[in-house]
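Participant: The structure under discussion is supplied below as structure tokens; questions concerning it will follow.
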Amino acid sequence: MSSLALDSQGMTIGIAATLASPPVYALITEVKDITGPGGSATEIDASDLSSTAKEFRMGLQDEGQVTLTLNYIPTNTQHALLRSQRAAQALTYFQLTFTDSPTTEWSFTAFVQEISISNSVDALTEGSITLRVSGAVTET
């Protein structure tokens, strides 16, 4: 049986410079790795004195974080936008585009929570970007 798994190669992430509707996304280039979004829901203890075992309800979904590893270029327009959005603590539109056909897209708003740069001998300058998802991730 042939696998229907999607190729990672070719997946993209876009960023919108403003919260205009509809968002206009520009690709974040030089991305090497995308992890997330992921998350969980809060457990709400619904047990009472008549319970014979713990009872739970699920609380609000927390979509978690998205982390990117990229070849960092200080003069790159989208890399600079990530830095400025972090400095401004600005809510920002992002969109992940998968490699299926027709393409699946996940859109979400997030804060650029962290940017760290790493350098080492015989390597490229890399950036690690952490996006904190705020609200729901929508699929189209």
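Numbering starts fresh at 1 for the residues of each chain in the structure tokens, the chains themselves are lettered A, B, ... in the order given, and ligands are numbered from 1 as they appear.
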I'd like the contact shell of Asp100 of chain A - 12 Å cut-off, only C-alpha atoms, skipping same-chain residues fewer than 6 positions apart - returned as a PyMOL selection string.

Facilitator: chain A and resi 4-12

Participant: Pull N, CA and C atoms from the residues just selected and write them as a compact mmCIF listing (two decimals), in the first residue's frame.

Facilitator:
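Below you can see again-v2.txt, which holds the result:
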# COMPACT_ATOMS: atom_id res chain seq x y z
N LEU A 4 0.12 7.83 2.12
CA LEU A 4 -0.48 9.12 1.76
C LEU A 4 0.15 10.26 2.56
N ALA A 5 1.25 9.96 3.26
CA ALA A 5 1.91 10.97 4.08
C ALA A 5 2.40 12.13 3.22
N LEU A 6 2.33 13.33 3.77
CA LEU A 6 2.76 14.54 3.05
C LEU A 6 4.26 14.73 3.16
N ASP A 7 4.85 15.27 2.09
CA ASP A 7 6.25 15.67 2.13
C ASP A 7 6.38 16.93 2.96
N SER A 8 7.43 16.99 3.76
CA SER A 8 7.73 18.22 4.50
C SER A 8 8.34 19.25 3.56
N GLN A 9 9.16 18.77 2.63
CA GLN A 9 9.84 19.68 1.71
C GLN A 9 8.80 20.44 0.91
N GLY A 10 8.83 21.75 0.98
CA GLY A 10 7.86 22.58 0.26
C GLY A 10 6.82 23.21 1.16
N MET A 11 6.75 22.78 2.43
CA MET A 11 5.82 23.42 3.37
C MET A 11 6.32 24.84 3.63
N THR A 12 5.39 25.77 3.78
CA THR A 12 5.78 27.17 3.99
C THR A 12 5.03 27.78 5.15

Participant: At a cut-off of 8 Å, using only C-alpha atoms, what residues contact Thr42 of chain A? Leave out same-chain residues fewer than 6 positions from it and give the result as a short mmCIF file (atom, residue, chain, number, x, y, z; two decimals) with C-alpha atoms, in the first residue's frame.

Facilitator:
data_model
loop_
_atom_site.label_atom_id
_atom_site.label_comp_id
_atom_site.auth_asym_id
_atom_site.auth_seq_id
_atom_site.Cartn_x
_atom_site.Cartn_y
_atom_site.Cartn_z
CA MET A 58 -12.37 19.98 29.22
CA GLY A 59 -11.63 23.69 29.37
CA LEU A 60 -10.55 26.04 26.62
CA GLN A 61 -8.12 24.83 23.99
CA ASP A 62 -4.61 26.24 24.20
#

Participant: Could you write out, as a list in words, all the residues of segment 6-129 of chain A that DSSP marks as alpha helix (DSSP H)?

Facilitator: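 Selection result, alpha helix (DSSP H) within segment 6-129 of chain A: Thr77, Gln78, His79, Ala80, Leu81, Leu82, Arg83, Ser84, Gln85, Arg86, Ala87 and Ala88 of chain A.
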
Participant: Any chance you can output those residues with N, CA and C atoms as a PDB file, in the first residue's frame?

Facilitator:
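Result file follows (out_7.pdb):
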ATOM      1  N   THR A  77      13.600  40.986   4.870  1.00  0.00           N
ATOM      2  CA  THR A  77      12.401  41.754   5.233  1.00  0.00           C
ATOM      3  C   THR A  77      11.533  41.026   6.263  1.00  0.00           C
ATOM      4  N   GLN A  78      11.269  39.738   6.060  1.00  0.00           N
ATOM      5  CA  GLN A  78      10.407  39.018   6.993  1.00  0.00           C
ATOM      6  C   GLN A  78      11.114  38.737   8.324  1.00  0.00           C
ATOM      7  N   HIS A  79      12.413  38.502   8.280  1.00  0.00           N
ATOM      8  CA  HIS A  79      13.161  38.307   9.526  1.00  0.00           C
ATOM      9  C   HIS A  79      13.149  39.592  10.347  1.00  0.00           C
ATOM     10  N   ALA A  80      13.306  40.737   9.675  1.00  0.00           N
ATOM     11  CA  ALA A  80      13.230  42.036  10.361  1.00  0.00           C
ATOM     12  C   ALA A  80      11.823  42.274  10.902  1.00  0.00           C
ATOM     13  N   LEU A  81      10.792  41.856  10.156  1.00  0.00           N
ATOM     14  CA  LEU A  81       9.412  41.997  10.621  1.00  0.00           C
ATOM     15  C   LEU A  81       9.186  41.163  11.885  1.00  0.00           C
ATOM     16  N   LEU A  82       9.726  39.960  11.929  1.00  0.00           N
ATOM     17  CA  LEU A  82       9.617  39.147  13.137  1.00  0.00           C
ATOM     18  C   LEU A  82      10.231  39.872  14.338  1.00  0.00           C
ATOM     19  N   ARG A  83      11.404  40.475  14.129  1.00  0.00           N
ATOM     20  CA  ARG A  83      12.064  41.228  15.214  1.00  0.00           C
ATOM     21  C   ARG A  83      11.216  42.408  15.653  1.00  0.00           C
ATOM     22  N   SER A  84      10.677  43.164  14.702  1.00  0.00           N
ATOM     23  CA  SER A  84       9.896  44.354  15.066  1.00  0.00           C
ATOM     24  C   SER A  84       8.573  43.969  15.734  1.00  0.00           C
ATOM     25  N   GLN A  85       7.945  42.877  15.297  1.00  0.00           N
ATOM     26  CA  GLN A  85       6.704  42.439  15.932  1.00  0.00           C
ATOM     27  C   GLN A  85       6.969  41.964  17.367  1.00  0.00           C
ATOM     28  N   ARG A  86       8.113  41.333  17.594  1.00  0.00           N
ATOM     29  CA  ARG A  86       8.467  40.934  18.956  1.00  0.00           C
ATOM     30  C   ARG A  86       8.678  42.160  19.825  1.00  0.00           C
ATOM     31  N   ALA A  87       9.419  43.134  19.316  1.00  0.00           N
ATOM     32  CA  ALA A  87       9.694  44.358  20.083  1.00  0.00           C
ATOM     33  C   ALA A  87       8.406  45.115  20.412  1.00  0.00           C
ATOM     34  N   ALA A  88       7.454  45.102  19.479  1.00  0.00           N
ATOM     35  CA  ALA A  88       6.187  45.815  19.675  1.00  0.00           C
ATOM     36  C   ALA A  88       5.166  44.989  20.454  1.00  0.00           C
TER      37      ALA A  88
END

Participant: Can you tell me, as JSON, numbers by chain, what residues are no more than 8 Å from Glu114 of chain A when counting only C-alpha atoms, ignoring any on the same chain fewer than 5 positions away?

Facilitator: {"A": [86, 128, 129, 130, 131]}

Participant: Could you please take those selected residues and save N, CA and C atoms as a compact mmCIF listing (two decimals), in the first residue's frame?

Facilitator:
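Just written: again-v3.txt:
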# COMPACT_ATOMS: atom_id res chain seq x y z
N ARG A 86 8.11 41.33 17.59
CA ARG A 86 8.47 40.93 18.96
C ARG A 86 8.68 42.16 19.82
N SER A 128 16.22 30.91 15.96
CA SER A 128 15.15 30.10 16.52
C SER A 128 14.05 31.07 16.93
N ILE A 129 12.88 30.90 16.36
CA ILE A 129 11.76 31.80 16.58
C ILE A 129 10.66 31.03 17.30
N THR A 130 10.13 31.60 18.37
CA THR A 130 9.00 31.00 19.08
C THR A 130 7.79 31.91 18.93
N LEU A 131 6.72 31.35 18.38
CA LEU A 131 5.46 32.07 18.23
C LEU A 131 4.48 31.52 19.26

Participant: Between A:Val31, A:Ala90, A:Leu19, A:Ala53, which one has atoms that come closest to Ile73 of chain A, using only C-alpha atoms?

Facilitator: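 Looking at the shortest contact to Ile73 of chain A, the residue is A:Val31.
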
Participant: Could you pull out the strand (DSSP E or B) residues of segment 60-90 of chain A, going by DSSP on the backbone, and write them as a list in words?

Facilitator: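 Reading the DSSP output for segment 60-90 of chain A, strand (DSSP E or B) covers Leu60, Gln61, Asp62, Gln65, Val66, Thr67, Leu68, Thr69, Leu70 and Asn71 of chain A.
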
Participant: Using only C-alpha atoms, find the one residue out of A:Ala16, A:Asp33, A:Phe111, A:Pro102 that sits nearest to Gln89 of chain A.

Facilitator: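 Residue with the minimum atom-to-atom distance to Gln89 of chain A: A:Phe111.
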
Participant: From the set A:Ser47, A:Gly127, A:Ser2, A:Thr109, which residue has the shortest atom-to-atom contact distance to Ala17 of chain A, counting only C-alpha atoms?

Facilitator: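 Looking only at the distances to Ala17 of chain A, the closest residue turns out to be A:Thr109.
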
Participant: Give the answer as one residue: which of A:Val133, A:Thr138, A:Val121, A:Thr69 has the shortest atom-to-atom distance to Thr104 of chain A, using only C-alpha atoms?

Facilitator: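 When distances to Thr104 of chain A are compared using only C-alpha atoms, the smallest one comes from A:Thr138.
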
Participant: Which value, in Å to one decimal, gives the distance between atom CA of Ala110 of chain A and atom CA of Tyr72 of chain A?

Facilitator: 20.1 Å

Participant: Would you list the contacts of Thr18 of chain A as a ChimeraX atom specification, taking every protein, DNA or RNA residue within 8 Å and counting only C-alpha atoms, but skipping same-chain residues closer than 3 positions in sequence?

Facilitator: /A:23,92-93

Participant: With C-alpha atoms kept, could you save the residues just selected as an mmCIF file, in the first residue's frame?

Facilitator:
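Printed below is out.cif as written:
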data_model
loop_
_atom_site.group_PDB
_atom_site.id
_atom_site.type_symbol
_atom_site.label_atom_id
_atom_site.label_comp_id
_atom_site.auth_asym_id
_atom_site.auth_seq_id
_atom_site.Cartn_x
_atom_site.Cartn_y
_atom_site.Cartn_z
ATOM 1 C CA PRO A 23 -4.436 39.236 5.608
ATOM 2 C CA THR A 92 0.427 38.958 14.102
ATOM 3 C CA TYR A 93 -1.271 36.801 11.449
#
